[in-house]
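entry-v5.pdb, holding PDB, C-alpha atoms:
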MODEL        1
ATOM      1  CA  MET H   1       0.000   0.000   0.000
ATOM      2  CA  PRO H   2       1.343   3.470  -0.937
ATOM      3  CA  ASP H   3       2.527   5.823   1.738
ATOM      4  CA  GLU H   4      -0.341   8.255   2.480
ATOM      5  CA  SER H   5       1.937  10.891   3.918
ATOM      6  CA  ASN H   6       2.832  12.035   0.363
ATOM      7  CA  PHE H   7      -0.811  12.863  -0.377
ATOM      8  CA  GLN H   8      -1.617  14.969   2.628
ATOM      9  CA  ALA H   9      -1.986  18.751   2.262
ATOM     10  CA  LYS H  10       0.797  20.786   3.714
ATOM     11  CA  PRO H  11      -0.052  24.088   5.365
ATOM     12  CA  ALA H  12       0.701  27.085   3.089
ATOM     13  CA  LYS H  13       3.053  29.818   4.153
ATOM     14  CA  LYS H  14       1.233  33.034   4.899
ATOM     15  CA  SER H  15       2.265  35.420   2.101
ATOM     16  CA  TYR H  16       0.147  38.370   1.034
ATOM     17  CA  TRP H  17       2.235  39.786  -1.830
ATOM     18  CA  HIS H  18       0.038  38.087  -4.455
ATOM     19  CA  TRP H  19      -2.988  40.025  -3.147
ATOM     20  CA  GLY H  20      -1.075  43.249  -3.804
ATOM     21  CA  VAL H  21      -0.389  42.163  -7.399
ATOM     22  CA  VAL H  22      -4.073  41.294  -7.898
ATOM     23  CA  PHE H  23      -5.148  44.664  -6.445
ATOM     24  CA  VAL H  24      -2.775  46.645  -8.690
ATOM     25  CA  SER H  25      -3.904  44.636 -11.746
ATOM     26  CA  ILE H  26      -7.570  45.380 -11.028
ATOM     27  CA  CYS H  27      -6.814  49.086 -10.578
ATOM     28  CA  LEU H  28      -4.952  49.266 -13.912
ATOM     29  CA  LEU H  29      -7.751  47.387 -15.700
ATOM     30  CA  GLY H  30     -10.320  49.748 -14.176
ATOM     31  CA  ALA H  31      -8.383  52.830 -15.274
ATOM     32  CA  TRP H  32      -8.253  51.465 -18.816
ATOM     33  CA  VAL H  33     -11.937  50.407 -18.977
ATOM     34  CA  ILE H  34     -13.643  53.380 -17.276
ATOM     35  CA  PRO H  35     -13.341  55.804 -20.240
ATOM     36  CA  GLU H  36     -14.833  53.090 -22.486
ATOM     37  CA  ILE H  37     -17.722  52.566 -20.067
ATOM     38  CA  GLN H  38     -18.462  56.274 -19.927
ATOM     39  CA  GLY H  39     -18.527  56.368 -23.724
ATOM     40  CA  ARG H  40     -16.996  59.834 -23.831
ATOM     41  CA  PRO H  41     -13.665  59.658 -25.597
ATOM     42  CA  GLN H  42     -11.442  62.657 -25.194
ATOM     43  CA  LEU H  43     -11.475  64.674 -28.400
ATOM     44  CA  ALA H  44      -8.350  66.456 -29.534
ATOM     45  CA  TYR H  45      -8.444  69.576 -31.723
ATOM     46  CA  SER H  46      -6.372  69.715 -34.900
ATOM     47  CA  ALA H  47      -5.596  73.068 -36.494
ATOM     48  CA  PRO H  48      -6.882  73.546 -40.054
ATOM     49  CA  SER H  49      -4.659  71.854 -42.621
ATOM     50  CA  VAL H  50      -5.006  72.171 -46.379
ATOM     51  CA  GLY H  51      -3.055  68.914 -46.742
ATOM     52  CA  TYR H  52      -5.685  67.065 -44.726
ATOM     53  CA  LEU H  53      -8.465  68.823 -46.621
ATOM     54  CA  LYS H  54      -7.007  67.622 -49.938
ATOM     55  CA  ARG H  55      -7.133  63.972 -48.928
ATOM     56  CA  LYS H  56     -10.294  63.873 -46.822
ATOM     57  CA  HIS H  57     -13.519  62.463 -48.192
ATOM     58  CA  PRO H  58     -16.775  64.411 -48.036
ATOM     59  CA  ALA H  59     -18.318  64.256 -44.576
ATOM     60  CA  ILE H  60     -20.903  61.631 -43.711
ATOM     61  CA  ARG H  61     -24.428  63.030 -43.446
ATOM     62  CA  ILE H  62     -26.795  62.237 -40.608
ATOM     63  CA  SER H  63     -29.287  59.756 -42.084
ATOM     64  CA  GLY H  64     -32.996  59.599 -41.340
ATOM     65  CA  ILE H  65     -32.459  56.503 -39.202
ATOM     66  CA  ASP H  66     -29.697  58.268 -37.271
ATOM     67  CA  PHE H  67     -31.932  61.314 -36.816
ATOM     68  CA  VAL H  68     -34.513  59.298 -34.851
ATOM     69  CA  SER H  69     -31.859  57.501 -32.779
ATOM     70  CA  ASP H  70     -31.446  58.806 -29.230
ATOM     71  CA  SER H  71     -27.871  57.557 -29.003
ATOM     72  CA  MET H  72     -26.933  59.360 -32.250
ATOM     73  CA  ARG H  73     -28.626  62.546 -31.015
ATOM     74  CA  GLU H  74     -26.713  62.426 -27.721
ATOM     75  CA  ARG H  75     -23.392  61.647 -29.444
ATOM     76  CA  THR H  76     -23.839  64.453 -31.971
ATOM     77  CA  GLN H  77     -24.912  66.929 -29.298
ATOM     78  CA  ARG H  78     -21.793  66.069 -27.236
ATOM     79  CA  LEU H  79     -19.735  66.656 -30.383
ATOM     80  CA  GLY H  80     -21.521  70.012 -30.838
ATOM     81  CA  GLU H  81     -20.671  70.995 -27.263
ATOM     82  CA  GLN H  82     -17.013  70.211 -27.931
ATOM     83  CA  LEU H  83     -17.099  72.313 -31.117
ATOM     84  CA  VAL H  84     -18.544  75.276 -29.215
ATOM     85  CA  LEU H  85     -15.829  74.916 -26.544
ATOM     86  CA  VAL H  86     -13.185  75.089 -29.281
ATOM     87  CA  CYS H  87     -14.955  78.149 -30.730
ATOM     88  CA  ASN H  88     -14.751  79.845 -27.335
ATOM     89  CA  GLU H  89     -11.004  79.163 -27.104
ATOM     90  CA  ARG H  90     -10.112  80.285 -30.626
ATOM     91  CA  SER H  91     -10.859  83.185 -32.941
ATOM     92  CA  ASP H  92     -12.099  81.032 -35.849
ATOM     93  CA  ASP H  93     -15.377  81.715 -37.625
ATOM     94  CA  VAL H  94     -16.065  77.993 -38.090
ATOM     95  CA  VAL H  95     -14.871  74.798 -36.423
ATOM     96  CA  PHE H  96     -15.477  71.509 -38.234
ATOM     97  CA  ALA H  97     -16.159  68.056 -36.776
ATOM     98  CA  PHE H  98     -13.226  66.604 -38.715
ATOM     99  CA  GLN H  99     -10.905  68.896 -36.731
ATOM    100  CA  LEU H 100     -11.768  66.894 -33.602
ATOM    101  CA  SER H 101     -10.607  63.333 -33.212
ATOM    102  CA  ASP H 102     -10.384  60.719 -30.515
ATOM    103  CA  ALA H 103      -7.579  58.221 -30.125
ATOM    104  CA  LYS H 104      -9.229  55.810 -32.559
ATOM    105  CA  ARG H 105     -10.098  57.903 -35.612
ATOM    106  CA  PRO H 106     -10.881  61.381 -36.932
ATOM    107  CA  ARG H 107     -14.507  62.514 -37.006
ATOM    108  CA  GLU H 108     -16.274  62.296 -40.348
ATOM    109  CA  ASP H 109     -19.593  63.832 -39.322
ATOM    110  CA  HIS H 110     -21.244  66.456 -41.552
ATOM    111  CA  VAL H 111     -21.291  68.831 -38.573
ATOM    112  CA  PHE H 112     -19.712  72.237 -37.991
ATOM    113  CA  ALA H 113     -20.033  75.088 -35.524
ATOM    114  CA  LEU H 114     -20.477  78.709 -36.496
ATOM    115  CA  CYS H 115     -18.644  80.532 -33.750
ATOM    116  CA  SER H 116     -20.309  83.934 -33.603
ATOM    117  CA  PRO H 117     -22.960  83.486 -32.293
ATOM    118  CA  PRO H 118     -22.339  79.820 -31.470
ATOM    119  CA  ARG H 119     -24.549  77.557 -33.561
ATOM    120  CA  VAL H 120     -23.934  73.922 -34.497
ATOM    121  CA  LEU H 121     -25.339  72.659 -37.794
ATOM    122  CA  GLY H 122     -25.435  69.237 -39.385
ATOM    123  CA  ASN H 123     -26.260  68.248 -42.978
ATOM    124  CA  ALA H 124     -26.192  71.905 -44.067
ATOM    125  CA  GLU H 125     -27.033  72.473 -47.711
ATOM    126  CA  LEU H 126     -27.914  75.477 -49.859
ATOM    127  CA  ILE H 127     -31.488  75.405 -51.109
ATOM    128  CA  SER H 128     -31.576  78.796 -52.823
ATOM    129  CA  ARG H 129     -29.216  81.641 -53.672
ATOM    130  CA  SER H 130     -29.550  85.171 -54.926
ATOM    131  CA  GLU H 131     -28.395  86.425 -58.324
ATOM    132  CA  GLU H 132     -26.426  89.262 -56.703
ATOM    133  CA  GLU H 133     -22.862  88.304 -55.845
ATOM    134  CA  ILE H 134     -20.282  89.541 -53.366
ATOM    135  CA  LEU H 135     -16.555  88.947 -53.045
ATOM    136  CA  CYS H 136     -15.745  86.752 -50.034
ATOM    137  CA  THR H 137     -12.249  86.461 -48.560
ATOM    138  CA  GLU H 138     -11.909  82.950 -47.181
ATOM    139  CA  GLU H 139      -9.135  81.235 -45.246
ATOM    140  CA  PHE H 140      -8.415  77.656 -44.341
ATOM    141  CA  GLY H 141      -5.132  76.364 -42.959
ATOM    142  CA  GLY H 142      -3.301  79.599 -43.762
ATOM    143  CA  HIS H 143      -4.442  79.668 -47.395
ATOM    144  CA  LEU H 144      -6.450  82.747 -48.422
ATOM    145  CA  ARG H 145      -8.773  82.862 -51.389
ATOM    146  CA  GLN H 146     -11.194  85.384 -52.759
ATOM    147  CA  VAL H 147     -14.363  83.811 -54.087
ATOM    148  CA  ARG H 148     -17.468  85.293 -55.691
ATOM    149  CA  ARG H 149     -20.515  84.021 -53.854
ATOM    150  CA  PRO H 150     -24.236  84.810 -53.762
ATOM    151  CA  SER H 151     -24.955  87.666 -51.361
ATOM    152  CA  SER H 152     -27.980  85.977 -49.777
ATOM    153  CA  ILE H 153     -28.814  82.317 -49.421
ATOM    154  CA  SER H 154     -31.261  79.897 -47.839
ATOM    155  CA  VAL H 155     -29.871  76.919 -45.962
ATOM    156  CA  ARG H 156     -31.526  73.703 -44.832
ATOM    157  CA  ALA H 157     -29.790  71.969 -41.909
ATOM    158  CA  ILE H 158     -30.189  70.179 -38.616
ATOM    159  CA  ASP H 159     -29.850  72.433 -35.590
ATOM    160  CA  VAL H 160     -27.817  70.052 -33.443
ATOM    161  CA  ARG H 161     -28.625  71.678 -30.100
ATOM    162  CA  ASP H 162     -32.411  71.464 -30.637
ATOM    163  CA  TRP H 163     -32.090  68.349 -32.850
ATOM    164  CA  ALA H 164     -34.580  69.756 -35.326
ATOM    165  CA  ALA H 165     -34.558  70.339 -39.070
ATOM    166  CA  ILE H 166     -34.473  74.057 -39.892
ATOM    167  CA  GLU H 167     -34.453  76.369 -42.881
ATOM    168  CA  HIS H 168     -32.562  79.606 -42.440
ATOM    169  CA  ASP H 169     -32.517  82.664 -44.721
ATOM    170  CA  VAL H 170     -29.225  84.535 -44.640
ATOM    171  CA  THR H 171     -29.088  88.125 -45.870
ATOM    172  CA  ASP H 172     -26.036  89.277 -43.911
ATOM    173  CA  PHE H 173     -23.066  89.287 -46.317
ATOM    174  CA  ARG H 174     -20.529  88.076 -43.768
ATOM    175  CA  GLU H 175     -22.713  85.213 -42.540
ATOM    176  CA  SER H 176     -23.495  84.267 -46.124
ATOM    177  CA  CYS H 177     -19.779  84.018 -46.937
ATOM    178  CA  ILE H 178     -19.025  82.001 -43.785
ATOM    179  CA  LEU H 179     -21.855  79.524 -44.316
ATOM    180  CA  GLN H 180     -21.030  78.902 -47.975
ATOM    181  CA  HIS H 181     -17.351  78.505 -47.137
ATOM    182  CA  ALA H 182     -18.193  76.037 -44.327
ATOM    183  CA  ILE H 183     -20.409  73.927 -46.590
ATOM    184  CA  ASP H 184     -17.725  73.807 -49.290
ATOM    185  CA  VAL H 185     -15.036  72.777 -46.779
ATOM    186  CA  ILE H 186     -17.105  70.063 -45.099
ATOM    187  CA  GLU H 187     -18.040  68.616 -48.502
ATOM    188  CA  SER H 188     -14.377  68.745 -49.667
ATOM    189  CA  LYS H 189     -15.148  71.241 -52.442
ATOM    190  CA  TRP H 190     -13.174  74.248 -51.214
ATOM    191  CA  LEU H 191      -9.883  73.443 -52.964
TER     192      LEU H 191
ENDMDL
END

What would the structure in this file look like if it were written as structure tokens?
Amino acid sequence: MPDESNFQAKPAKKSYWHWGVVFVSICLLGAWVIPEIQGRPQLAYSAPSVGYLKRKHPAIRISGIDFVSDSMRERTQRLGEQLVLVCNERSDDVVFAFQLSDAKRPREDHVFALCSPPRVLGNAELISRSEEEILCTEEFGGHLRQVRRPSSISVRAIDVRDWAAIEHDVTDFRESCILQHAIDVIESKWL
């Protein structure tokens, strides 16, 4: 018969260092997971770059299905808040969604903020324009251009803050220039 003394449990030495390793591991995992749980990635601002504008695709419009989605509304409104914060820190006339990015990818939303007064628009498009033209001086990424544009326009867009479709008539020359410039940039037509 085999010796049973080899099969008996031996009392373990009391060592608590492994509990410290487990605790530190859980803390590190929690610090890594918490931003993902909150669903609010930190967005970083990128200054305007003509090089980026040359290679970017037109922005992705908010679809009808997205428009009725609460999660899309909340995500886009958080993006709008970030755009307005950037407007308040800078002296730009317009800040575009593609200028904000998280660690994973740049934004491709068809969203921009007009900085004065702050207004965030999505899916902006011209629906009518006047025959009378004005000369607009436009700048993006340090490149200046003078462009002839209609002096008054009508725009259809989504007001991101109220999450409602709007139509807006613009008769102010400066605002008309800024809006047309913003739509051209976000649709990759400015260059």

Open item on the list: Evaluated on this file, the PyMOL selection byres ((chain H and resi 135) around 8) picks out some residues - which ones are they, written as a PyMOL selection string?
Closed with: chain H and resi 133-134+136-137+146-149

- [ ] Could you check which of H:Trp163, H:Tyr16, H:Phe23, H:Phe140 is closest to Met72 of chain H, using all atoms listed in the file?
- [x] H:Trp163

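For the file at hand, the PyMOL selection byres ((chain H and resi 186) around 10) resolves to Leu53, Lys56, His57, Pro58, Ala59, Ile60, Phe96, Ala97, Phe98, Glu108, Asp109, His110, Val111, Phe112, Asn123, Ala124, His181, Ala182, Ile183, Asp184, Val185, Glu187, Ser188, Lys189 and Trp190 of chain H.
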
Task: Shell around Ile158 of chain H at 10 Å using only C-alpha atoms, local window under 5 positions removed, as an MDAnalysis selection string - done: chainID H and resid 62 67 111 120:125 163:167

Open item on the list: Report, in Å to a single decimal, how far apart atom CA of Pro48 of chain H and atom CA of Val95 of chain H are.
Closed with: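 Computed distance, atom CA of Val95 of chain H to atom CA of Pro48 of chain H, equals 8.9 Å.
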